[in-house]
Structure formats: structure tokens, C-alpha cells
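**Student:** Got a file for you: data_18.txt, compact mmCIF, C-alpha atoms.
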# COMPACT_ATOMS: atom_id res chain seq x y z
CA GLN N 3 0.00 0.00 0.00
CA SER N 4 1.81 3.14 -1.19
CA ALA N 5 0.77 6.53 0.09
CA LEU N 6 -0.39 9.09 -2.41
CA THR N 7 2.28 11.63 -3.32
CA GLN N 8 1.84 15.20 -2.13
CA PRO N 9 4.34 18.06 -1.97
CA PRO N 10 5.48 18.50 1.63
CA SER N 11 4.79 22.20 1.62
CA ALA N 12 2.98 24.96 -0.22
CA SER N 13 2.61 28.64 0.45
CA GLY N 14 0.90 31.78 -0.71
CA SER N 15 0.10 35.30 0.36
CA PRO N 16 -3.33 36.36 1.59
CA GLY N 17 -5.72 36.73 -1.31
CA GLN N 18 -3.68 34.57 -3.64
CA SER N 19 -4.54 31.11 -4.91
CA VAL N 20 -2.57 27.97 -4.24
CA THR N 21 -2.94 24.47 -5.68
CA ILE N 22 -1.86 21.28 -3.96
CA SER N 23 -1.38 18.16 -6.04
CA CYS N 24 -1.92 14.54 -5.08
CA THR N 25 -0.56 11.84 -7.37
CA GLY N 26 -1.56 8.21 -7.30
CA THR N 27 -2.01 5.46 -9.84
CA SER N 28 -4.65 4.05 -12.14
CA SER N 29 -5.59 1.71 -9.27
CA ASP N 30 -6.66 4.51 -6.97
CA ILE N 31 -7.04 8.13 -8.06
CA GLY N 32 -7.16 7.30 -11.74
CA GLY N 33 -9.62 4.47 -11.33
CA TYR N 34 -12.31 6.09 -9.22
CA ASN N 35 -13.89 9.49 -8.65
CA LEU N 36 -13.53 8.96 -4.93
CA VAL N 37 -10.88 11.46 -3.89
CA SER N 38 -11.29 13.36 -0.64
CA TRP N 39 -9.32 16.19 0.91
CA TYR N 40 -8.96 16.74 4.65
CA GLN N 41 -7.84 19.86 6.47
CA GLN N 42 -6.11 19.57 9.83
CA HIS N 43 -5.10 22.50 11.98
CA PRO N 44 -2.34 21.89 14.56
CA GLY N 45 -3.61 19.81 17.44
CA LYS N 46 -7.05 19.49 15.86
CA VAL N 47 -9.12 16.74 14.33
CA PRO N 48 -9.08 16.37 10.54
CA ARG N 49 -12.17 17.55 8.72
CA VAL N 50 -13.24 16.74 5.20
CA ILE N 51 -13.36 19.73 2.87
CA ILE N 52 -13.72 17.98 -0.49
CA TYR N 53 -15.19 14.57 -1.33
CA GLU N 54 -15.83 12.70 -4.57
CA VAL N 55 -13.19 14.89 -6.27
CA THR N 56 -15.19 18.12 -6.45
CA LYS N 57 -17.96 18.16 -3.84
CA ARG N 58 -17.91 20.36 -0.75
CA PRO N 59 -19.67 19.48 2.49
CA SER N 60 -22.01 22.12 3.81
CA GLY N 61 -20.16 24.79 5.69
CA VAL N 62 -16.96 24.55 3.66
CA PRO N 63 -16.23 27.86 1.88
CA ASP N 64 -16.38 27.81 -1.90
CA ARG N 65 -12.79 29.07 -1.87
CA PHE N 66 -11.90 25.38 -1.68
CA SER N 67 -12.24 23.42 -4.90
CA GLY N 68 -11.10 20.05 -6.15
CA SER N 69 -10.32 18.54 -9.52
CA LYS N 70 -8.75 15.50 -11.08
CA SER N 71 -6.85 14.68 -14.24
CA GLY N 72 -5.69 11.16 -14.85
CA ASN N 73 -3.89 9.87 -11.79
CA THR N 74 -3.50 13.29 -10.17
CA ALA N 75 -5.99 15.13 -8.02
CA SER N 76 -5.68 18.75 -7.01
CA LEU N 77 -6.97 21.01 -4.28
CA THR N 78 -7.13 24.71 -5.01
CA VAL N 79 -7.56 27.29 -2.30
CA SER N 80 -8.54 30.67 -3.71
CA GLY N 81 -8.43 33.96 -1.87
CA LEU N 82 -6.08 32.60 0.77
CA GLN N 83 -6.86 33.56 4.34
CA ALA N 84 -4.76 33.22 7.46
CA GLU N 85 -7.11 30.55 8.79
CA ASP N 86 -6.31 28.33 5.80
CA GLU N 87 -2.87 27.66 7.23
CA ALA N 88 -3.03 23.95 8.05
CA ASP N 89 -2.03 20.51 6.90
CA TYR N 90 -3.95 19.09 3.97
CA TYR N 91 -4.28 15.39 3.22
CA CYS N 92 -5.66 13.79 0.11
CA SER N 93 -7.27 10.37 0.22
CA SER N 94 -8.53 8.00 -2.43
CA TYR N 95 -10.43 4.75 -2.63
CA GLY N 96 -8.09 2.10 -3.92
CA GLY N 97 -10.35 -0.83 -4.58
CA THR N 98 -11.72 -3.68 -2.53
CA ASN N 99 -8.47 -4.40 -0.74
CA ASN N 100 -7.42 -0.78 -0.28
CA PHE N 101 -10.42 1.05 1.04
CA ALA N 102 -8.67 4.33 1.82
CA ILE N 103 -5.20 5.55 0.91
CA PHE N 104 -3.91 8.79 2.36
CA GLY N 105 -1.27 11.12 1.06
CA ALA N 106 1.69 12.16 3.18
CA GLY N 107 0.20 15.60 3.71
CA THR N 108 1.03 19.13 2.60
CA LYS N 109 1.70 21.93 5.04
CA LEU N 110 0.11 25.10 3.70
CA THR N 111 1.66 28.33 4.94
CA VAL N 112 -0.02 31.68 4.48
CA LEU N 113 2.78 34.20 4.19
CA GLN S 28 -25.79 15.66 16.00
CA ILE S 29 -23.21 12.99 15.27
CA THR S 30 -20.53 12.32 17.82
CA LEU S 31 -17.83 9.69 18.12
CA LYS S 32 -15.47 9.05 21.00
CA GLU S 33 -12.50 6.75 21.19
CA SER S 34 -11.50 5.00 24.39
CA GLY S 35 -8.74 2.65 25.37
CA PRO S 36 -5.40 2.44 27.15
CA ALA S 37 -3.00 5.34 26.91
CA LEU S 38 0.02 3.09 27.40
CA VAL S 39 0.63 -0.40 26.06
CA LYS S 40 3.72 -2.57 26.30
CA PRO S 41 5.40 -3.98 23.19
CA THR S 42 4.01 -7.34 22.02
CA GLN S 43 0.72 -6.74 23.85
CA THR S 44 -2.70 -6.49 22.21
CA LEU S 45 -4.31 -3.07 21.93
CA THR S 46 -8.09 -2.79 22.11
CA LEU S 47 -9.79 0.48 21.22
CA THR S 48 -13.49 1.24 21.42
CA CYS S 49 -15.38 3.82 19.40
CA THR S 50 -18.68 4.83 20.97
CA PHE S 51 -20.91 6.87 18.69
CA SER S 52 -24.28 8.57 18.61
CA GLY S 53 -26.41 10.34 16.04
CA PHE S 54 -26.39 7.53 13.49
CA SER S 55 -26.98 3.81 13.34
CA LEU S 56 -24.69 1.13 12.04
CA THR S 57 -27.74 -0.81 10.94
CA THR S 58 -28.54 1.77 8.26
CA SER S 59 -27.62 0.64 4.78
CA GLY S 60 -24.50 2.34 3.49
CA VAL S 61 -23.22 3.57 6.84
CA GLY S 62 -19.76 2.64 8.03
CA VAL S 63 -17.11 3.40 10.64
CA GLY S 64 -13.38 3.46 10.09
CA TRP S 65 -10.22 3.72 12.14
CA ILE S 66 -7.39 6.04 11.16
CA ARG S 67 -4.19 6.73 13.07
CA GLN S 68 -1.59 9.47 13.09
CA PRO S 69 1.85 9.06 14.65
CA PRO S 70 3.13 12.24 16.30
CA GLY S 71 4.11 14.74 13.64
CA LYS S 72 3.29 12.33 10.83
CA ALA S 73 0.59 11.62 8.29
CA LEU S 74 -2.81 10.01 8.58
CA GLU S 75 -2.96 6.27 7.95
CA TRP S 76 -6.17 4.34 7.38
CA LEU S 77 -6.34 1.10 9.38
CA ALA S 78 -9.73 -0.59 9.12
CA PHE S 79 -13.36 -0.09 8.17
CA ILE S 80 -16.62 -1.86 8.92
CA ASN S 81 -19.91 -1.47 7.08
CA TRP S 82 -23.49 -1.70 8.26
CA ASN S 83 -23.59 -5.24 6.86
CA ALA S 84 -20.46 -6.25 8.83
CA ASP S 85 -18.28 -6.18 5.73
CA GLU S 86 -14.73 -5.59 6.99
CA ARG S 87 -11.80 -3.95 5.21
CA TYR S 88 -8.21 -3.69 6.41
CA SER S 89 -5.05 -1.89 5.47
CA PRO S 90 -3.03 -4.43 3.47
CA SER S 91 0.11 -3.66 5.45
CA LEU S 92 -1.56 -4.27 8.83
CA LYS S 93 -4.22 -6.80 7.95
CA SER S 94 -2.62 -9.68 9.84
CA ARG S 95 -2.65 -7.71 13.10
CA LEU S 96 -6.06 -6.05 13.00
CA ALA S 97 -9.62 -7.01 13.74
CA ILE S 98 -12.65 -4.75 13.65
CA THR S 99 -16.06 -5.59 15.07
CA LYS S 100 -19.31 -3.78 15.79
CA ASP S 101 -21.92 -3.96 18.49
CA THR S 102 -24.98 -2.22 17.15
CA SER S 103 -26.87 -2.56 20.42
CA LYS S 104 -24.21 -0.50 22.16
CA ASN S 105 -23.41 1.78 19.20
CA GLN S 106 -19.80 0.73 19.39
CA VAL S 107 -17.03 -0.33 17.04
CA VAL S 108 -13.98 -2.08 18.45
CA LEU S 109 -10.53 -2.26 16.89
CA THR S 110 -8.02 -4.83 18.06
CA MET S 111 -4.36 -4.67 17.14
CA THR S 112 -2.07 -7.52 18.12
CA ASN S 113 1.67 -7.57 18.80
CA VAL S 114 2.07 -3.80 19.13
CA ASP S 115 5.41 -2.11 18.61
CA PRO S 116 6.71 1.38 19.48
CA ALA S 117 6.05 2.26 15.82
CA ASP S 118 2.34 1.90 16.62
CA THR S 119 2.50 4.93 18.91
CA ALA S 120 -0.08 7.32 17.49
CA THR S 121 -3.33 9.15 17.95
CA TYR S 122 -6.08 6.76 16.91
CA TYR S 123 -9.28 8.22 15.43
CA CYS S 124 -12.57 6.60 14.60
CA ALA S 125 -14.66 8.23 11.90
CA HIS S 126 -18.11 7.95 10.36
CA ARG S 127 -18.80 7.37 6.70
CA PRO S 128 -22.41 8.37 6.07
CA GLN S 129 -24.95 6.62 3.93
CA GLY S 130 -24.11 7.18 0.29
CA GLY S 131 -20.85 8.82 1.23
CA SER S 132 -17.32 7.97 0.28
CA SER S 133 -15.32 9.94 2.81
CA PHE S 134 -15.06 10.17 6.56
CA GLN S 135 -17.41 13.03 7.38
CA ASP S 136 -17.36 12.95 11.17
CA TRP S 137 -14.39 12.20 13.40
CA GLY S 138 -13.83 11.47 17.05
CA GLN S 139 -11.44 13.58 19.08
CA GLY S 140 -8.78 10.85 18.91
CA THR S 141 -6.96 8.97 21.62
CA LEU S 142 -3.18 8.93 22.00
CA VAL S 143 -1.72 5.48 22.48
CA THR S 144 1.92 5.11 23.45
CA VAL S 145 3.69 1.79 23.03
CA SER S 146 6.58 1.55 25.44
CA SER S 147 8.04 -0.82 27.95
Step by step, read the file and then write its structure as C-alpha cells.

**Tutor:**
Amino acid sequence: QSALTQPPSASGSPGQSVTISCTGTSSDIGGYNLVSWYQQHPGKVPRVIIYEVTKRPSGVPDRFSGSKSGNTASLTVSGLQAEDEADYYCSSYGGTNNFAIFGAGTKLTVL
Amino acid sequence: QITLKESGPALVKPTQTLTLTCTFSGFSLTTSGVGVGWIRQPPGKALEWLAFINWNADERYSPSLKSRLAITKDTSKNQVVLTMTNVDPADTATYYCAHRPQGGSSFQDWGQGTLVTVSS
């Protein structure tokens, strides 16, 4: 079971946009539209901000958006705000024997 | 309102068996499509999915840990139990249980987590 590949860090200034990538294989990201993104502030519980590639749970600002192309999923945060500084994890369904695969996480810094 | 809470020992010795209980409210594990999973996070490290159980008792395990894990549910008590055998200091982590709702594909609701330290 290999973790999904994410950049360890990303950054942007307030108001800017930043995109975080998540690369898998045709057996996970590329094979299913079941990619989720989780946000985790230091010392806090993860919360889902994107599911099924592009959908946002109620209460998640529309500044957060998701997409997918081939074996790579992306999370875009537009209009960066200080409160967006957190760790972001992607996750994908990987088939019957690999229900959920997580990425190694990306630390987003708001400059 | 959906809540989940993990409980179990804070300290376990190497080679022992770890048993964690997730007690939840606000949903039923008898509802078609509903499931509960366990995810852990070593200090300063990434999330790692461990196990998942569906309303119909279908069980799924992380391939790398499958031989050491067992997940069960007690619908009468609204509980899901995770057992991990032969623990090692590398199993030191915060363990979370999380709810996958009916028709959902992600973990929408999480417990607060419980820190388990494996040390002699």
C-alpha cells in the first residue's frame, strides 16, 4: 500500500490562490472518482473539505475546490486567508483491498 | 448531531494487544451504506487508514496491517472495536474513529482521537 504523493509544503500570500497536487495510480485516483481532501489544523481533528473529487460538504467555503486529471488530483484554495494555514491530506479509494489511501500531507503556509 | 469518541489504554507494552473502542451517537450502524473506520496518526506524521466496517459487517483492512487487525461492531451499544495484536513502538499514534455516512465515500465525522503510546 503506497501513500499518495503530495508536496510536503505549499505557500501563498493572503488573497492569492494555491494548488496542492496529489498523485496516485490508475488503481486509486485514476480508477475512481472517490478522492477526498482533509484539512487539519495543529492539534485538531481532521475535517473533510472535499469529497468525490469536487464536492464540498455544507459549511466549507467555496474558496476550496477540487479537480482530477488522470492519476493526479488537485486542491485549489482561492483567496487565501490566514485561517487556511493547516495541513492538507488527500485520500482516495483504492479498490476492494485498499479502502482508503492517504497522502503524506502538505503543510500550507499563508505568508 | 453525530458524535464519536474513542477510548482505550493510553500506554501499552510492546508485544501486547491493543483494544480500542469507538462509541458513537447520532447515526446507526444498521442503516444501509453507513460505516465506521479507524485512522491513526503518529506524532508529527501523516494520517494512515487502518480498518473499516460497514453496516452489513463487511470488513476492510489496510493491506500492510491486515494480519494484526480485527474490527467488530456492536450495534446494540453503538460501538465499534478495533483490536491490534503484537504492538510495537512504531504503533504509537493518535487513533481516530470516523463515520462514513450513507451514500458517502469519505469520513465526514471524526472522534477527538486517543493517543496510544507503546513503550516498555

**Student:** Listing only residues of chain S within 8 Å of chain N, what is the closest atom pair and its distance in Å (to one decimal) for each, using only C-alpha atoms, sorted by chain and residue number ascending, as JSON lines?

**Tutor:**
{"residue": "S:Lys72", "atom": "CA", "partner": "N:Ala106", "partner_atom": "CA", "distance": 7.8}
{"residue": "S:Ala73", "atom": "CA", "partner": "N:Ala106", "partner_atom": "CA", "distance": 5.3}
{"residue": "S:Leu74", "atom": "CA", "partner": "N:Phe104", "partner_atom": "CA", "distance": 6.4}
{"residue": "S:Glu75", "atom": "CA", "partner": "N:Phe104", "partner_atom": "CA", "distance": 6.2}
{"residue": "S:Trp76", "atom": "CA", "partner": "N:Ala102", "partner_atom": "CA", "distance": 6.1}
{"residue": "S:Phe79", "atom": "CA", "partner": "N:Phe101", "partner_atom": "CA", "distance": 7.8}
{"residue": "S:Arg87", "atom": "CA", "partner": "N:Phe101", "partner_atom": "CA", "distance": 6.7}
{"residue": "S:Tyr88", "atom": "CA", "partner": "N:Asn99", "partner_atom": "CA", "distance": 7.2}
{"residue": "S:Ser89", "atom": "CA", "partner": "N:Asn100", "partner_atom": "CA", "distance": 6.3}
{"residue": "S:Pro90", "atom": "CA", "partner": "N:Gln3", "partner_atom": "CA", "distance": 6.4}
{"residue": "S:Ser91", "atom": "CA", "partner": "N:Gln3", "partner_atom": "CA", "distance": 6.6}
{"residue": "S:Ser132", "atom": "CA", "partner": "N:Leu36", "partner_atom": "CA", "distance": 6.5}
{"residue": "S:Ser133", "atom": "CA", "partner": "N:Tyr53", "partner_atom": "CA", "distance": 6.2}
{"residue": "S:Phe134", "atom": "CA", "partner": "N:Val50", "partner_atom": "CA", "distance": 7.0}
{"residue": "S:Gln135", "atom": "CA", "partner": "N:Val50", "partner_atom": "CA", "distance": 6.0}
{"residue": "S:Asp136", "atom": "CA", "partner": "N:Arg49", "partner_atom": "CA", "distance": 7.4}
{"residue": "S:Trp137", "atom": "CA", "partner": "N:Val47", "partner_atom": "CA", "distance": 7.0}
{"residue": "S:Gly138", "atom": "CA", "partner": "N:Val47", "partner_atom": "CA", "distance": 7.6}
{"residue": "S:Gln139", "atom": "CA", "partner": "N:Val47", "partner_atom": "CA", "distance": 6.2}
{"residue": "S:Gly140", "atom": "CA", "partner": "N:Val47", "partner_atom": "CA", "distance": 7.5}

**Student:** At a cut-off of 9 Å from (-3.9, 4.0, 10.2) in the coordinates of the file, what residues are picked up using all atoms listed in the file, written as a ChimeraX atom specification?

**Tutor:** /S:65-69,74-78,89,92,120,122-123

**Student:** Would you list the contacts of region 63-80 of chain N as a ChimeraX atom specification, taking every protein, DNA or RNA residue within 6 Å and counting only C-alpha atoms, but skipping same-chain residues closer than 3 positions in sequence?

**Tutor:** /N:19-28,31-32,55-56

**Student:** Any idea what the distance is between CA of Gly131 (chain S) and CA of Gly60 (chain S)?

**Tutor:** 7.8 Å

**Student:** With only C-alpha atoms as the atoms that count, which of S:Lys104, S:Arg127, S:Ser147, S:Thr110 lies nearest to Ile80 (chain S)?

**Tutor:**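 Among the listed residues, S:Arg127 lies closest to Ile80 (chain S).
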
**Student:** Taking 3 positions as the minimum chain separation for residues in the same chain, which residues sit within 9 Å of Thr111 (chain N) when counting all atoms listed in the file? Answer as a list in words.

**Tutor:**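 Here the answer would be Ser11, Ala12, Ser13, Gly14, Ser15, Ala84, Asp86, Glu87, Ala88 and Asp89 of chain N.
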
**Student:** Please produce a file of the residues just selected, as a PDB file, in the coordinates of the input, where the atoms kept are C-alpha atoms.

**Tutor:**
ATOM      1  CA  SER N  11       4.790  22.200   1.620  1.00  0.00           C
ATOM      2  CA  ALA N  12       2.980  24.960  -0.220  1.00  0.00           C
ATOM      3  CA  SER N  13       2.610  28.640   0.450  1.00  0.00           C
ATOM      4  CA  GLY N  14       0.900  31.780  -0.710  1.00  0.00           C
ATOM      5  CA  SER N  15       0.100  35.300   0.360  1.00  0.00           C
ATOM      6  CA  ALA N  84      -4.760  33.220   7.460  1.00  0.00           C
ATOM      7  CA  ASP N  86      -6.310  28.330   5.800  1.00  0.00           C
ATOM      8  CA  GLU N  87      -2.870  27.660   7.230  1.00  0.00           C
ATOM      9  CA  ALA N  88      -3.030  23.950   8.050  1.00  0.00           C
ATOM     10  CA  ASP N  89      -2.030  20.510   6.900  1.00  0.00           C
TER      11      ASP N  89
END

**Student:** Write out as a ChimeraX atom specification each polymer residue whose atoms come within 7 Å of region 54-57 of chain S, counting only C-alpha atoms; drop sequence neighbours fewer than 3 positions from it.

**Tutor:** /S:29,61-62,82,102

**Student:** Could you tell me how far CA of Ser29 (chain N) sits from CA of Gly96 (chain N), in Å to one decimal place?

**Tutor:**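 About the pair CA of Gly96 (chain N) and CA of Ser29 (chain N): they are 5.9 Å apart.
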
**Student:** Give me, as a ChimeraX atom specification, all polymer residues having an atom no more than 8 Å from Phe51 (chain S), counting only C-alpha atoms and skipping those fewer than 4 positions away in the same chain.

**Tutor:** /S:29-32,105-106

**Student:** Can you pull out every residue within 10 Å of Leu109 (chain S), counting all atoms listed in the file, but drop anything in the same chain fewer than 6 positions away, and send it as a PDB file with C-alpha atoms, in the frame of the given file?

**Tutor:**
ATOM      1  CA  GLY S  35      -8.740   2.650  25.370  1.00  0.00           C
ATOM      2  CA  LEU S  45      -4.310  -3.070  21.930  1.00  0.00           C
ATOM      3  CA  THR S  46      -8.090  -2.790  22.110  1.00  0.00           C
ATOM      4  CA  LEU S  47      -9.790   0.480  21.220  1.00  0.00           C
ATOM      5  CA  THR S  48     -13.490   1.240  21.420  1.00  0.00           C
ATOM      6  CA  CYS S  49     -15.380   3.820  19.400  1.00  0.00           C
ATOM      7  CA  GLY S  64     -13.380   3.460  10.090  1.00  0.00           C
ATOM      8  CA  TRP S  65     -10.220   3.720  12.140  1.00  0.00           C
ATOM      9  CA  LEU S  77      -6.340   1.100   9.380  1.00  0.00           C
ATOM     10  CA  ALA S  78      -9.730  -0.590   9.120  1.00  0.00           C
ATOM     11  CA  PHE S  79     -13.360  -0.090   8.170  1.00  0.00           C
ATOM     12  CA  LEU S  96      -6.060  -6.050  13.000  1.00  0.00           C
ATOM     13  CA  ALA S  97      -9.620  -7.010  13.740  1.00  0.00           C
ATOM     14  CA  ILE S  98     -12.650  -4.750  13.650  1.00  0.00           C
ATOM     15  CA  THR S  99     -16.060  -5.590  15.070  1.00  0.00           C
ATOM     16  CA  LYS S 100     -19.310  -3.780  15.790  1.00  0.00           C
ATOM     17  CA  CYS S 124     -12.570   6.600  14.600  1.00  0.00           C
TER      18      CYS S 124
END

**Student:** Do you have the CA of Gly97 (chain N)-CA of Thr141 (chain S) distance handy?

**Tutor:**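 Interatomic distance, CA of Gly97 (chain N) to CA of Thr141 (chain S): 28.2 Å.
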
**Student:** Kindly output region 78-89 of chain N as a compact mmCIF listing (two decimals), in the coordinates of the input, after building all heavy atoms.

**Tutor:**
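The resulting file, result.txt, is reproduced below:
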# COMPACT_ATOMS: atom_id res chain seq x y z
N THR N 78 -7.45 23.30 -4.83
CA THR N 78 -7.13 24.71 -5.01
C THR N 78 -7.81 25.53 -3.92
O THR N 78 -9.01 25.36 -3.67
CB THR N 78 -7.58 25.22 -6.39
OG1 THR N 78 -6.85 24.50 -7.40
CG2 THR N 78 -7.29 26.71 -6.55
N VAL N 79 -7.03 26.37 -3.29
CA VAL N 79 -7.56 27.29 -2.30
C VAL N 79 -7.42 28.70 -2.88
O VAL N 79 -6.31 29.16 -3.14
CB VAL N 79 -6.80 27.20 -0.96
CG1 VAL N 79 -7.49 28.07 0.08
CG2 VAL N 79 -6.72 25.76 -0.48
N SER N 80 -8.54 29.33 -3.14
CA SER N 80 -8.54 30.67 -3.71
C SER N 80 -8.74 31.70 -2.61
O SER N 80 -9.34 31.40 -1.57
CB SER N 80 -9.66 30.79 -4.74
OG SER N 80 -9.56 29.78 -5.72
N GLY N 81 -8.25 32.91 -2.86
CA GLY N 81 -8.43 33.96 -1.87
C GLY N 81 -7.92 33.54 -0.50
O GLY N 81 -8.64 33.60 0.49
N LEU N 82 -6.66 33.13 -0.46
CA LEU N 82 -6.08 32.60 0.77
C LEU N 82 -6.34 33.50 1.97
O LEU N 82 -6.24 34.73 1.88
CB LEU N 82 -4.57 32.45 0.61
CG LEU N 82 -4.03 31.11 0.09
CD1 LEU N 82 -2.53 31.20 -0.11
CD2 LEU N 82 -4.40 29.97 1.03
N GLN N 83 -6.67 32.85 3.08
CA GLN N 83 -6.86 33.56 4.34
C GLN N 83 -5.95 32.93 5.39
O GLN N 83 -5.55 31.77 5.29
CB GLN N 83 -8.32 33.49 4.77
CG GLN N 83 -9.28 34.13 3.79
CD GLN N 83 -10.72 34.12 4.27
OE1 GLN N 83 -11.02 33.69 5.39
NE2 GLN N 83 -11.64 34.58 3.42
N ALA N 84 -5.66 33.68 6.40
CA ALA N 84 -4.76 33.22 7.46
C ALA N 84 -5.23 31.90 8.06
O ALA N 84 -4.43 31.02 8.39
CB ALA N 84 -4.61 34.29 8.54
N GLU N 85 -6.54 31.75 8.17
CA GLU N 85 -7.11 30.55 8.79
C GLU N 85 -6.94 29.30 7.92
O GLU N 85 -7.22 28.20 8.38
CB GLU N 85 -8.59 30.76 9.09
CG GLU N 85 -9.47 30.87 7.87
CD GLU N 85 -10.50 31.98 7.98
OE1 GLU N 85 -10.11 33.09 8.42
OE2 GLU N 85 -11.66 31.74 7.62
N ASP N 86 -6.51 29.49 6.68
CA ASP N 86 -6.31 28.33 5.80
C ASP N 86 -4.98 27.65 6.08
O ASP N 86 -4.71 26.56 5.54
CB ASP N 86 -6.35 28.76 4.33
CG ASP N 86 -7.68 29.36 3.94
OD1 ASP N 86 -8.70 29.00 4.56
OD2 ASP N 86 -7.70 30.22 3.03
N GLU N 87 -4.15 28.26 6.89
CA GLU N 87 -2.87 27.66 7.23
C GLU N 87 -3.12 26.40 8.05
O GLU N 87 -3.67 26.43 9.15
CB GLU N 87 -2.00 28.64 8.01
CG GLU N 87 -0.58 28.14 8.25
CD GLU N 87 0.38 29.26 8.60
OE1 GLU N 87 0.68 30.11 7.73
OE2 GLU N 87 0.84 29.29 9.77
N ALA N 88 -2.73 25.26 7.47
CA ALA N 88 -3.03 23.95 8.05
C ALA N 88 -2.33 22.88 7.24
O ALA N 88 -1.69 23.17 6.22
CB ALA N 88 -4.55 23.70 8.05
N ASP N 89 -2.48 21.65 7.68
CA ASP N 89 -2.03 20.51 6.90
C ASP N 89 -3.20 20.00 6.08
O ASP N 89 -4.33 19.94 6.57
CB ASP N 89 -1.51 19.40 7.81
CG ASP N 89 -0.23 19.78 8.53
OD1 ASP N 89 0.60 20.49 7.92
OD2 ASP N 89 -0.06 19.37 9.69
